[in-house]
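Visitor: So here's query-v3.tsv, just TSV, C-alpha atoms:
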```
chain	number	residue	atom	x	y	z
A	9	MET	CA	171.03	-210.86	12.69
A	10	ASP	CA	174.01	-208.51	12.65
A	11	ALA	CA	175.92	-208.45	15.95
A	12	GLN	CA	175.64	-204.69	16.30
A	13	ILE	CA	171.87	-204.92	15.95
A	14	TRP	CA	171.74	-207.56	18.68
A	15	TYR	CA	173.87	-205.36	20.89
A	16	ALA	CA	171.81	-202.23	20.20
A	17	ILE	CA	168.55	-204.01	21.05
A	18	PHE	CA	169.86	-205.64	24.20
A	19	SER	CA	171.65	-202.54	25.52
A	20	THR	CA	168.60	-200.35	24.81
A	21	LEU	CA	166.28	-202.66	26.73
A	22	PHE	CA	168.69	-203.07	29.61
A	23	GLY	CA	169.45	-199.35	29.67
A	24	GLY	CA	165.75	-198.59	29.92
A	25	VAL	CA	165.37	-200.84	32.94
A	26	LEU	CA	168.41	-199.33	34.66
A	27	GLY	CA	167.25	-195.83	33.80
A	28	ALA	CA	163.96	-196.40	35.57
A	29	PHE	CA	165.84	-196.97	38.81
A	30	ARG	CA	168.60	-194.41	38.33
A	31	HIS	CA	168.57	-191.39	40.60
A	32	VAL	CA	169.87	-187.98	39.67
A	33	GLY	CA	173.39	-187.38	40.96
A	34	GLU	CA	174.51	-190.99	41.29
A	35	ASP	CA	178.28	-191.31	41.37
A	36	ASN	CA	180.49	-193.23	38.98
A	37	SER	CA	180.58	-196.31	41.23
A	38	ILE	CA	176.88	-196.89	40.53
A	39	GLU	CA	177.50	-196.61	36.81
A	40	GLN	CA	180.34	-199.13	37.12
A	41	LYS	CA	178.08	-201.51	39.03
A	42	ASN	CA	175.34	-201.17	36.43
A	43	MET	CA	177.84	-201.83	33.65
A	44	ALA	CA	179.07	-204.93	35.48
A	45	ILE	CA	175.50	-206.22	35.67
A	46	PHE	CA	174.96	-205.48	32.01
A	47	SER	CA	178.24	-207.17	31.03
A	48	GLN	CA	177.33	-210.32	32.94
A	49	MET	CA	173.89	-210.49	31.33
A	50	TRP	CA	175.31	-209.76	27.88
A	51	ASN	CA	177.99	-212.44	28.21
A	52	GLU	CA	175.41	-214.99	29.34
A	53	PHE	CA	173.32	-214.08	26.32
A	54	ILE	CA	176.29	-214.52	23.97
A	55	CYS	CA	177.25	-217.84	25.57
A	56	SER	CA	173.70	-219.08	25.08
A	57	LEU	CA	173.93	-218.18	21.38
A	58	ARG	CA	177.14	-220.21	21.14
A	59	GLU	CA	175.58	-223.16	22.96
A	60	GLU	CA	172.77	-223.13	20.43
A	61	ASP	CA	175.42	-223.03	17.68
A	62	LEU	CA	174.00	-219.75	16.37
A	63	ILE	CA	177.43	-218.12	16.40
A	64	SER	CA	180.98	-219.42	15.98
A	65	ASN	CA	183.79	-219.46	18.54
A	66	LYS	CA	185.35	-216.46	16.80
A	67	ASP	CA	182.05	-214.59	16.91
A	68	GLN	CA	181.75	-215.36	20.60
A	69	GLU	CA	185.24	-214.02	21.26
A	70	LEU	CA	184.43	-210.78	19.48
A	71	LEU	CA	181.06	-210.37	21.18
A	72	LEU	CA	181.96	-211.10	24.80
A	73	VAL	CA	182.65	-208.18	27.12
A	74	PRO	CA	186.17	-208.64	28.58
A	75	CYS	CA	186.37	-209.15	32.32
A	76	SER	CA	187.75	-206.26	34.36
A	77	PRO	CA	189.51	-206.24	37.74
A	78	SER	CA	187.29	-205.01	40.55
A	79	ASP	CA	189.42	-201.88	40.97
A	80	ASP	CA	189.54	-201.07	37.24
A	81	SER	CA	187.83	-197.78	36.35
A	82	VAL	CA	187.80	-198.53	32.61
A	83	ILE	CA	184.44	-199.50	31.14
A	84	ARG	CA	185.08	-202.33	28.69
A	85	TRP	CA	183.15	-203.12	25.52
A	86	PRO	CA	182.96	-206.10	23.16
A	87	LEU	CA	185.87	-206.22	20.73
A	88	PHE	CA	183.67	-205.96	17.65
A	89	LEU	CA	182.62	-202.45	18.71
A	90	LEU	CA	186.20	-201.24	19.11
A	91	ALA	CA	188.15	-203.25	16.52
A	92	SER	CA	188.46	-200.50	13.91
A	93	LYS	CA	188.60	-197.56	16.29
A	94	ILE	CA	192.30	-197.45	17.19
A	95	PRO	CA	193.48	-197.31	13.53
A	96	ALA	CA	190.89	-194.60	12.91
A	97	ALA	CA	192.08	-192.64	15.94
A	98	LEU	CA	195.69	-192.97	14.78
A	99	ASN	CA	194.77	-191.56	11.37
A	100	ILE	CA	193.08	-188.60	13.02
A	101	ALA	CA	196.02	-188.03	15.36
A	102	LYS	CA	198.78	-188.20	12.75
A	103	ASP	CA	197.03	-185.55	10.66
A	104	SER	CA	196.60	-183.20	13.62
A	105	LYS	CA	198.58	-179.99	13.73
A	106	ARG	CA	200.24	-178.40	16.73
A	107	LYS	CA	198.04	-176.13	18.83
A	108	GLU	CA	194.93	-178.10	17.80
A	109	ASP	CA	194.44	-180.06	21.02
A	110	ALA	CA	190.79	-179.07	21.34
A	111	LYS	CA	190.06	-180.14	17.77
A	112	LEU	CA	191.80	-183.50	18.21
A	113	ILE	CA	189.97	-184.23	21.46
A	114	LYS	CA	186.66	-183.18	19.92
A	115	LEU	CA	187.18	-185.52	16.97
A	116	ILE	CA	188.07	-188.46	19.22
A	117	ASN	CA	185.18	-187.78	21.59
A	118	SER	CA	182.70	-187.41	18.73
A	119	ASP	CA	182.78	-191.20	18.34
A	120	PHE	CA	181.84	-192.77	21.67
A	121	TYR	CA	183.42	-196.13	20.89
A	122	MET	CA	186.57	-194.54	19.50
A	123	HIS	CA	186.99	-192.62	22.73
A	124	SER	CA	186.36	-195.80	24.72
A	125	ALA	CA	188.90	-197.72	22.62
A	126	VAL	CA	191.58	-195.06	23.10
A	127	VAL	CA	191.05	-194.92	26.87
A	128	GLU	CA	190.98	-198.70	27.24
A	129	CYS	CA	194.07	-199.16	25.07
A	130	TYR	CA	195.98	-196.43	26.90
A	131	LYS	CA	195.22	-197.75	30.39
A	132	THR	CA	195.61	-201.42	29.49
A	133	ILE	CA	199.07	-200.88	28.01
A	134	LYS	CA	200.11	-198.95	31.12
A	135	CYS	CA	198.88	-201.81	33.30
A	136	LEU	CA	200.70	-204.43	31.20
A	137	ILE	CA	203.99	-202.55	31.15
A	138	ASP	CA	203.85	-201.83	34.86
A	139	GLY	CA	203.16	-205.49	35.58
A	140	LEU	CA	206.06	-206.68	33.44
A	141	LEU	CA	208.73	-204.26	34.59
A	142	GLU	CA	210.75	-205.45	37.56
A	143	ASP	CA	213.19	-202.57	37.91
A	144	GLU	CA	211.76	-199.70	39.97
A	145	ALA	CA	213.78	-197.15	38.00
A	146	ASP	CA	212.17	-198.34	34.77
A	147	LYS	CA	208.74	-198.13	36.36
A	148	LYS	CA	209.41	-194.53	37.37
A	149	ILE	CA	210.37	-193.66	33.79
A	150	VAL	CA	207.10	-195.10	32.47
A	151	LEU	CA	205.13	-193.34	35.20
A	152	LYS	CA	206.82	-190.06	34.31
A	153	ILE	CA	205.83	-190.46	30.66
A	154	TYR	CA	202.22	-191.13	31.60
A	155	ASP	CA	202.27	-188.14	33.95
A	156	GLU	CA	203.55	-185.94	31.13
A	157	VAL	CA	200.77	-187.15	28.86
A	158	SER	CA	198.14	-186.43	31.51
A	159	ASN	CA	199.57	-183.01	32.35
A	160	SER	CA	199.85	-181.97	28.72
A	161	LEU	CA	196.24	-182.97	28.08
A	162	GLN	CA	195.04	-181.01	31.10
A	163	GLN	CA	197.02	-177.96	30.03
A	164	GLY	CA	196.01	-178.18	26.37
A	165	LYS	CA	199.61	-178.68	25.26
A	166	PHE	CA	199.52	-182.31	24.15
A	167	LEU	CA	200.29	-181.61	20.49
A	168	LYS	CA	203.06	-179.21	21.48
A	169	GLU	CA	204.83	-181.86	23.52
A	170	PHE	CA	204.09	-185.03	21.53
A	171	LYS	CA	204.63	-185.65	17.82
A	172	MET	CA	201.68	-187.45	16.29
A	173	SER	CA	203.76	-188.33	13.24
A	174	GLY	CA	205.48	-190.93	15.40
A	175	MET	CA	202.27	-192.66	16.48
A	176	PRO	CA	202.01	-195.10	13.53
A	177	LEU	CA	205.51	-196.40	14.28
A	178	LEU	CA	204.66	-196.69	17.97
A	179	SER	CA	201.53	-198.62	17.04
A	180	VAL	CA	203.62	-201.09	15.02
A	181	LYS	CA	206.01	-201.58	17.94
A	182	LEU	CA	203.14	-202.10	20.39
A	183	GLU	CA	201.47	-204.62	18.10
A	184	LYS	CA	204.71	-206.57	17.79
A	185	TRP	CA	205.12	-206.57	21.58
A	186	LEU	CA	201.54	-207.74	22.17
A	187	LYS	CA	201.98	-210.57	19.68
A	188	ILE	CA	205.05	-211.73	21.60
A	189	LEU	CA	203.07	-211.65	24.86
A	190	MET	CA	200.29	-213.79	23.38
A	191	ALA	CA	202.52	-216.25	21.54
A	192	ASP	CA	203.25	-219.75	22.81
A	193	HIS	CA	206.75	-220.18	24.19
A	194	TRP	CA	208.89	-223.03	25.45
A	195	ASP	CA	212.00	-221.25	26.68
A	196	ASP	CA	211.35	-218.71	29.44
A	197	GLU	CA	214.70	-216.99	29.02
A	198	ILE	CA	214.23	-216.45	25.28
A	199	TYR	CA	210.65	-215.32	25.86
A	200	LYS	CA	211.75	-212.81	28.51
A	201	ALA	CA	214.53	-211.53	26.25
A	202	GLN	CA	212.06	-211.01	23.39
A	203	ILE	CA	209.69	-209.08	25.65
A	204	THR	CA	212.52	-206.95	27.02
A	205	LYS	CA	213.81	-206.15	23.53
A	206	ALA	CA	210.32	-205.23	22.32
A	207	LEU	CA	209.75	-203.01	25.36
A	208	GLN	CA	213.05	-201.27	24.75
A	209	GLY	CA	211.98	-200.63	21.17
A	210	ILE	CA	208.74	-199.11	22.42
A	211	MET	CA	210.55	-196.84	24.87
A	212	ASP	CA	213.03	-195.73	22.19
A	213	THR	CA	210.17	-194.86	19.85
A	214	VAL	CA	208.33	-192.94	22.56
A	215	THR	CA	211.35	-190.89	23.59
A	216	HIS	CA	212.82	-190.32	20.11
A	217	ASP	CA	209.83	-190.25	17.76
A	218	VAL	CA	206.85	-189.22	19.88
A	219	MET	CA	208.01	-187.04	22.79
A	220	ILE	CA	209.41	-183.72	21.62
A	221	ASN	CA	211.55	-183.40	24.75
A	222	GLY	CA	211.91	-187.11	25.36
A	223	GLN	CA	215.68	-187.17	25.28
A	224	LYS	CA	216.18	-184.49	27.90
```
Mind turning this structure into structure tokens?

Guide:
Amino acid sequence: MDAQIWYAIFSTLFGGVLGAFRHVGEDNSIEQKNMAIFSQMWNEFICSLREEDLISNKDQELLLVPCSPSDDSVIRWPLFLLASKIPAALNIAKDSKRKEDAKLIKLINSDFYMHSAVVECYKTIKCLIDGLLEDEADKKIVLKIYDEVSNSLQQGKFLKEFKMSGMPLLSVKLEKWLKILMADHWDDEIYKAQITKALQGIMDTVTHDVMINGQK
């Protein structure tokens, strides 16, 4: 059976059970707890399929819900649900015109999993960069960029302050950086130098090709 069908059946059944016990006005922490319960049950289900040799190792990797830190507010989903969503979101973004923030947000939000993929990608990259940077001045620069993104979204000026035409190039730089992070390495100094160079390339792209006022 197709993986998405399995997921739809399981999530519908589990959602029905949770819904029966859900009270009106519950805060987000309850939702997070429910999602954690669901994720654990889903992962156990997927592992059982692998043990029965009904799916391959690759299928299992795509179907498992990634683990999240206890203080992480991002709801995570199996990779197979999100795999195509970032490229699709990039295509939507690069074709967006200035002063069309509401339209861009509406298009992204119209696809639940696309919205989830964008949020997860955005916050995960921030967490990775913050964890890798050692210099406090560099961390402040990254924090400032993220603050500018948040403020521009809140004020409806995102497309006025960020050039979506630069997003495909940024995506390429991020993909290259992530591949370096995941690659095997034998020389720590060379590995660190590669990561640093890739991060510098990302920052250059953000400030020169994405942020309209990035060089100020």

Visitor: Please list as a PyMOL selection string every residue within 12 Å of region 112-119 of chain A, counting all atoms listed in the file and excluding residues in the same chain fewer than 3 positions away.

Guide: chain A and resi 89-90+92-109+122-127+161-162+164-167+172

Visitor: What does the distance from CA of Ile45 (chain A) to CA of Lys131 (chain A) come to in Å, to one decimal?

Guide: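 The value is 22.1 Å.
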
Visitor: CA of Leu72 (chain A) and CA of Cys129 (chain A) are how many Å apart?

Guide: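 Taking CA of Leu72 (chain A) and CA of Cys129 (chain A), their separation equals 17.0 Å.
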
Visitor: Near Asp67 (chain A), within 10 Å and counting only C-alpha atoms, which residues show up once chain neighbours fewer than 2 positions away are dropped, as a VMD selection string?

Guide: chain A and resid 11 54 57 to 58 62 to 65 69 to 72 87 to 88

Visitor: Compare A:Gln163, A:Arg84, A:Val73, A:Asp143 by their minimum atom-to-atom distance to Ala110 (chain A), counting only C-alpha atoms, and give me the closest one.

Guide: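 The shortest atom-to-atom distance to Ala110 (chain A) comes from A:Gln163.
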
Visitor: Write out as a PyMOL selection string which residues come within 9 Å of region 213-218 of chain A when counting only C-alpha atoms, dropping same-chain ones fewer than 2 positions away.

Guide: chain A and resi 153+169-175+177-178+181+208-211+220-223

Visitor: Nearest to Gln68 (chain A) among A:Ser56, A:Ser47, A:Thr204, A:Ser160, with distances taken over all atoms listed in the file: which residue is it?

Guide: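 Answer, going by the shortest atom-to-atom distance: A:Ser56.
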
Visitor: How many Å separate CA of Trp85 (chain A) from CA of Gln48 (chain A)?

Guide: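 So the two atoms, CA of Trp85 (chain A) and CA of Gln48 (chain A), lie 11.9 Å apart.
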